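**Q** Got a file for you: target-v1.pdb, PDB, C-alpha atoms.
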```
ATOM      1  CA  LEU P   1     -13.776 -26.670  29.841
ATOM      2  CA  THR P   2     -16.106 -28.434  27.423
ATOM      3  CA  GLU P   3     -14.619 -31.787  28.433
ATOM      4  CA  ARG P   4     -15.472 -31.125  32.083
ATOM      5  CA  PHE P   5     -19.014 -30.097  31.178
ATOM      6  CA  THR P   6     -19.384 -33.325  29.190
ATOM      7  CA  ILE P   7     -18.178 -35.369  32.179
ATOM      8  CA  VAL P   8     -20.731 -33.670  34.440
ATOM      9  CA  SER P   9     -23.445 -34.330  31.867
ATOM     10  CA  ARG P  10     -22.581 -38.051  31.652
ATOM     11  CA  LEU P  11     -22.347 -38.565  35.416
ATOM     12  CA  SER P  12     -25.337 -36.404  36.404
ATOM     13  CA  ASP P  13     -27.653 -39.455  36.503
ATOM     14  CA  SER P  14     -25.698 -41.146  39.298
ATOM     15  CA  HIS P  15     -24.290 -38.096  41.163
ATOM     16  CA  SER P  16     -25.548 -34.629  41.961
ATOM     17  CA  VAL P  17     -24.582 -31.811  39.636
ATOM     18  CA  VAL P  18     -23.453 -29.683  42.604
ATOM     19  CA  SER P  19     -20.924 -32.272  43.814
ATOM     20  CA  LEU P  20     -19.649 -32.986  40.289
ATOM     21  CA  CYS P  21     -19.154 -29.294  39.548
ATOM     22  CA  SER P  22     -17.307 -28.681  42.801
ATOM     23  CA  ALA P  23     -15.125 -31.774  42.251
ATOM     24  CA  LEU P  24     -14.160 -30.610  38.751
ATOM     25  CA  GLY P  25     -13.703 -26.970  39.778
ATOM     26  CA  ILE P  26     -16.410 -25.411  37.630
ATOM     27  CA  HIS P  27     -19.363 -23.233  38.556
ATOM     28  CA  ARG P  28     -22.789 -24.788  38.488
ATOM     29  CA  SER P  29     -24.222 -21.768  36.673
ATOM     30  CA  SER P  30     -21.603 -22.173  33.930
ATOM     31  CA  TYR P  31     -22.600 -25.813  33.492
ATOM     32  CA  ARG P  32     -26.294 -24.934  33.296
ATOM     33  CA  TYR P  33     -25.554 -22.174  30.784
ATOM     34  CA  TRP P  34     -23.501 -24.612  28.651
ATOM     35  CA  ARG P  35     -26.225 -27.263  28.793
ATOM     36  CA  LYS P  36     -28.904 -24.784  27.750
ATOM     37  CA  ARG P  37     -26.834 -23.245  24.981
ATOM     38  CA  ARG P  38     -24.901 -26.138  23.417
ATOM     39  CA  ASP P  39     -27.600 -27.285  20.972
ATOM     40  CA  THR P  40     -28.659 -23.884  19.674
ATOM     41  CA  VAL P  41     -27.159 -22.393  16.524
ATOM     42  CA  ASN P  42     -26.583 -18.661  16.456
ATOM     43  CA  SER P  43     -27.789 -17.749  12.966
ATOM     44  CA  ALA P  44     -26.379 -14.217  13.169
ATOM     45  CA  ARG P  45     -22.924 -15.600  14.010
ATOM     46  CA  VAL P  46     -23.131 -18.077  11.117
ATOM     47  CA  ARG P  47     -24.033 -15.241   8.750
ATOM     48  CA  LEU P  48     -21.175 -13.083  10.048
ATOM     49  CA  CYS P  49     -18.743 -15.993   9.671
ATOM     50  CA  SER P  50     -19.789 -16.483   6.063
ATOM     51  CA  GLU P  51     -19.397 -12.736   5.411
ATOM     52  CA  ILE P  52     -15.930 -12.764   7.005
ATOM     53  CA  ARG P  53     -14.857 -15.764   4.928
ATOM     54  CA  ARG P  54     -16.235 -14.204   1.724
ATOM     55  CA  ALA P  55     -14.406 -10.917   2.326
ATOM     56  CA  TRP P  56     -11.200 -12.764   3.283
ATOM     57  CA  ASN P  57     -11.367 -14.836   0.080
ATOM     58  CA  GLN P  58     -12.062 -11.681  -1.917
ATOM     59  CA  SER P  59      -8.822 -10.175  -0.566
ATOM     60  CA  ARG P  60      -6.993 -13.409  -1.462
ATOM     61  CA  GLY P  61      -6.091 -13.961   2.188
ATOM     62  CA  SER P  62      -4.254 -10.690   2.675
ATOM     63  CA  ALA P  63      -6.842  -8.746   4.711
ATOM     64  CA  GLY P  64      -6.495  -8.583   8.468
ATOM     65  CA  ALA P  65      -9.132  -7.872  11.090
ATOM     66  CA  ARG P  66      -9.103  -4.095  10.558
ATOM     67  CA  THR P  67      -9.421  -4.355   6.795
ATOM     68  CA  LEU P  68     -12.145  -7.010   7.001
ATOM     69  CA  ALA P  69     -14.125  -4.927   9.497
ATOM     70  CA  GLU P  70     -13.857  -1.909   7.216
ATOM     71  CA  MET P  71     -14.858  -3.928   4.135
ATOM     72  CA  LEU P  72     -17.905  -5.405   5.874
ATOM     73  CA  THR P  73     -18.959  -2.049   7.315
ATOM     74  CA  GLN P  74     -18.818  -0.520   3.828
ATOM     75  CA  ASN P  75     -20.965  -3.413   2.548
ATOM     76  CA  GLY P  76     -23.635  -2.702   5.159
ATOM     77  CA  VAL P  77     -22.607  -5.222   7.842
ATOM     78  CA  PRO P  78     -21.429  -3.110  10.805
ATOM     79  CA  MET P  79     -18.536  -4.764  12.616
ATOM     80  CA  SER P  80     -15.672  -3.694  14.853
ATOM     81  CA  ARG P  81     -12.124  -4.850  14.268
ATOM     82  CA  TYR P  82     -12.165  -6.741  17.566
ATOM     83  CA  ARG P  83     -15.166  -8.814  16.574
ATOM     84  CA  ALA P  84     -13.627  -9.417  13.153
ATOM     85  CA  GLY P  85     -10.468 -10.621  14.898
ATOM     86  CA  ARG P  86     -12.420 -13.017  17.136
ATOM     87  CA  LEU P  87     -14.310 -14.435  14.162
ATOM     88  CA  MET P  88     -11.076 -14.784  12.191
ATOM     89  CA  LYS P  89      -9.574 -16.710  15.102
ATOM     90  CA  TYR P  90     -12.689 -18.892  15.303
ATOM     91  CA  LEU P  91     -12.460 -19.621  11.548
ATOM     92  CA  ASN P  92      -8.656 -20.145  11.682
ATOM     93  CA  LEU P  93      -8.082 -17.318   9.201
ATOM     94  CA  SER P  94      -4.938 -15.237   9.251
ATOM     95  CA  SER P  95      -3.714 -12.549   6.929
ATOM     96  CA  CYS P  96      -0.618 -13.349   4.948
ATOM     97  CA  GLN P  97       1.118 -10.436   3.322
ATOM     98  CA  PRO P  98       3.207 -11.029   0.209
ATOM     99  CA  GLY P  99       6.907 -10.595   0.817
ATOM    100  CA  LYS P 100       9.226  -8.191  -0.930
ATOM    101  CA  HIS P 101      10.344  -9.097  -4.413
ATOM    102  CA  GLN P 102      13.756 -10.752  -4.237
ATOM    103  CA  TYR P 103      16.018  -9.427  -6.954
ATOM    104  CA  LYS P 104      19.005 -11.361  -8.183
ATOM    105  CA  ASN P 105      22.440 -10.307  -7.029
ATOM    106  CA  ALA P 106      23.881  -8.294  -9.931
ATOM    107  CA  CYS P 107      27.175  -7.444  -8.221
ATOM    108  CA  GLN P 108      29.185 -10.288  -9.740
ATOM    109  CA  GLU P 109      30.577  -9.948 -13.241
ATOM    110  CA  HIS P 110      29.948 -12.688 -15.725
ATOM    111  CA  THR P 111      32.989 -14.938 -15.751
ATOM    112  CA  CYS P 112      32.867 -16.467 -19.227
ATOM    113  CA  LEU P 113      32.298 -13.325 -21.357
ATOM    114  CA  PRO P 114      34.899 -10.545 -21.565
ATOM    115  CA  ASN P 115      33.931  -6.874 -21.449
ATOM    116  CA  LEU P 116      34.649  -5.816 -25.042
ATOM    117  CA  LEU P 117      33.204  -2.317 -24.740
ATOM    118  CA  GLU P 118      35.328  -1.184 -21.756
ATOM    119  CA  ARG P 119      32.964   1.803 -21.241
ATOM    120  CA  GLN P 120      33.853   3.320 -24.641
ATOM    121  CA  PHE P 121      30.347   4.565 -25.478
ATOM    122  CA  ALA P 122      31.400   6.988 -28.248
ATOM    123  CA  VAL P 123      30.900   4.962 -31.444
ATOM    124  CA  PRO P 124      32.130   6.366 -34.833
ATOM    125  CA  GLU P 125      29.513   4.753 -37.122
ATOM    126  CA  PRO P 126      26.095   3.036 -36.883
ATOM    127  CA  ASP P 127      25.635  -0.714 -36.469
ATOM    128  CA  ARG P 128      29.003  -1.190 -34.769
ATOM    129  CA  VAL P 129      27.938  -1.491 -31.102
ATOM    130  CA  TRP P 130      24.536  -2.592 -29.854
ATOM    131  CA  CYS P 131      23.632  -2.954 -26.219
ATOM    132  CA  GLY P 132      20.563  -4.142 -24.371
ATOM    133  CA  ASP P 133      18.998  -4.682 -21.005
ATOM    134  CA  ILE P 134      16.062  -6.561 -19.562
ATOM    135  CA  THR P 135      13.893  -5.901 -16.541
ATOM    136  CA  TYR P 136      10.445  -6.826 -15.315
ATOM    137  CA  ILE P 137       7.584  -4.527 -14.451
ATOM    138  CA  TRP P 138       4.473  -5.223 -12.382
ATOM    139  CA  ALA P 139       1.605  -4.599 -14.821
ATOM    140  CA  GLY P 140      -1.968  -5.217 -13.698
ATOM    141  CA  ASN P 141      -1.750  -8.409 -11.696
ATOM    142  CA  ARG P 142       1.392 -10.068 -13.073
ATOM    143  CA  TRP P 143       5.029  -9.461 -13.950
ATOM    144  CA  CYS P 144       5.874  -8.486 -17.542
ATOM    145  CA  TYR P 145       9.340  -8.416 -19.080
ATOM    146  CA  LEU P 146      10.720  -5.309 -20.750
ATOM    147  CA  ALA P 147      13.681  -5.821 -23.093
ATOM    148  CA  VAL P 148      15.473  -2.865 -24.674
ATOM    149  CA  VAL P 149      18.063  -3.077 -27.474
ATOM    150  CA  MET P 150      19.667   0.036 -28.919
ATOM    151  CA  ASP P 151      22.460   1.141 -31.219
ATOM    152  CA  LEU P 152      24.983   3.205 -29.265
ATOM    153  CA  PHE P 153      25.629   5.431 -32.298
ATOM    154  CA  ALA P 154      21.979   6.613 -32.261
ATOM    155  CA  ARG P 155      22.212   7.439 -28.574
TER     156      ARG P 155
END
```
Taking this structure as input, can you express it in the form of structure tokens?
**A**
Amino acid sequence: LTERFTIVSRLSDSHSVVSLCSALGIHRSSYRYWRKRRDTVNSARVRLCSEIRRAWNQSRGSAGARTLAEMLTQNGVPMSRYRAGRLMKYLNLSSCQPGKHQYKNACQEHTCLPNLLERQFAVPEPDRVWCGDITYIWAGNRWCYLAVVMDLFAR
């Protein structure tokens, strides 16, 4: 639509605006509104866009329109989720949720090491059989490893 308004603006010196608008299939009132409005900057919209971008960056890109609207309303900038969605679309922002953690497939037995224990967990004396395991735990904002080694006699 903006391209057609620009064409009417360029050709308005040599042709009438009414004939150009009817030839391009646009309303004359829409053209006049566009011409009046195109050079003005909506300061409230610019402020809201900066608030949306700040809140979106604060959520590290995971907040959607509902969450952003709620965050801004709590910070004293009243906004509906629909307006937040329109501004997100205008700013090309989209929420990206982190996927599920993909665990390794632990169903296959290790091929090069034999199973020496054969599920015989009753050990007659200490320091004969040790076993261990490792896992990771989400702690704070990163993954940490937890390794456990124990003597089966003390179990």
**Q** Using all atoms listed in the file, find the one residue out of P:Arg155, P:His101, P:Gln120, P:Leu68 that sits nearest to P:Trp143.
**A**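 Counting all atoms listed in the file, the residue closest to P:Trp143 is P:His101.
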**Q** For a test of reading the model, state the distance in Å between atom CA of P:Gly85 and atom CA of P:Ala65, rounded to one decimal.
**A** 4.9 Å
**Q** For P:Glu125, find every residue with an atom within 12 Å (counting only C-alpha atoms), except residues of its own chain fewer than 3 positions away, and show them as a ChimeraX atom specification.
**A** /P:121-122,128-130,151-155
**Q** Counting all atoms listed in the file, which of P:Glu51, P:Met88, P:Val8, P:Cys144 gets nearest to P:Arg66?
**A**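 Under the stated criterion, the closest residue is P:Met88.
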**Q** List, as a count of residues only, every residue that the PyMOL selection byres ((chain P and resi 93) around 9) selects in the file provided.
**A** 12
**Q** Rounded to one decimal in Å, what is the spacing between atom CA of P:Met71 and atom CA of P:Ala55?
**A**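 Distance between the two atoms: 7.2 Å.
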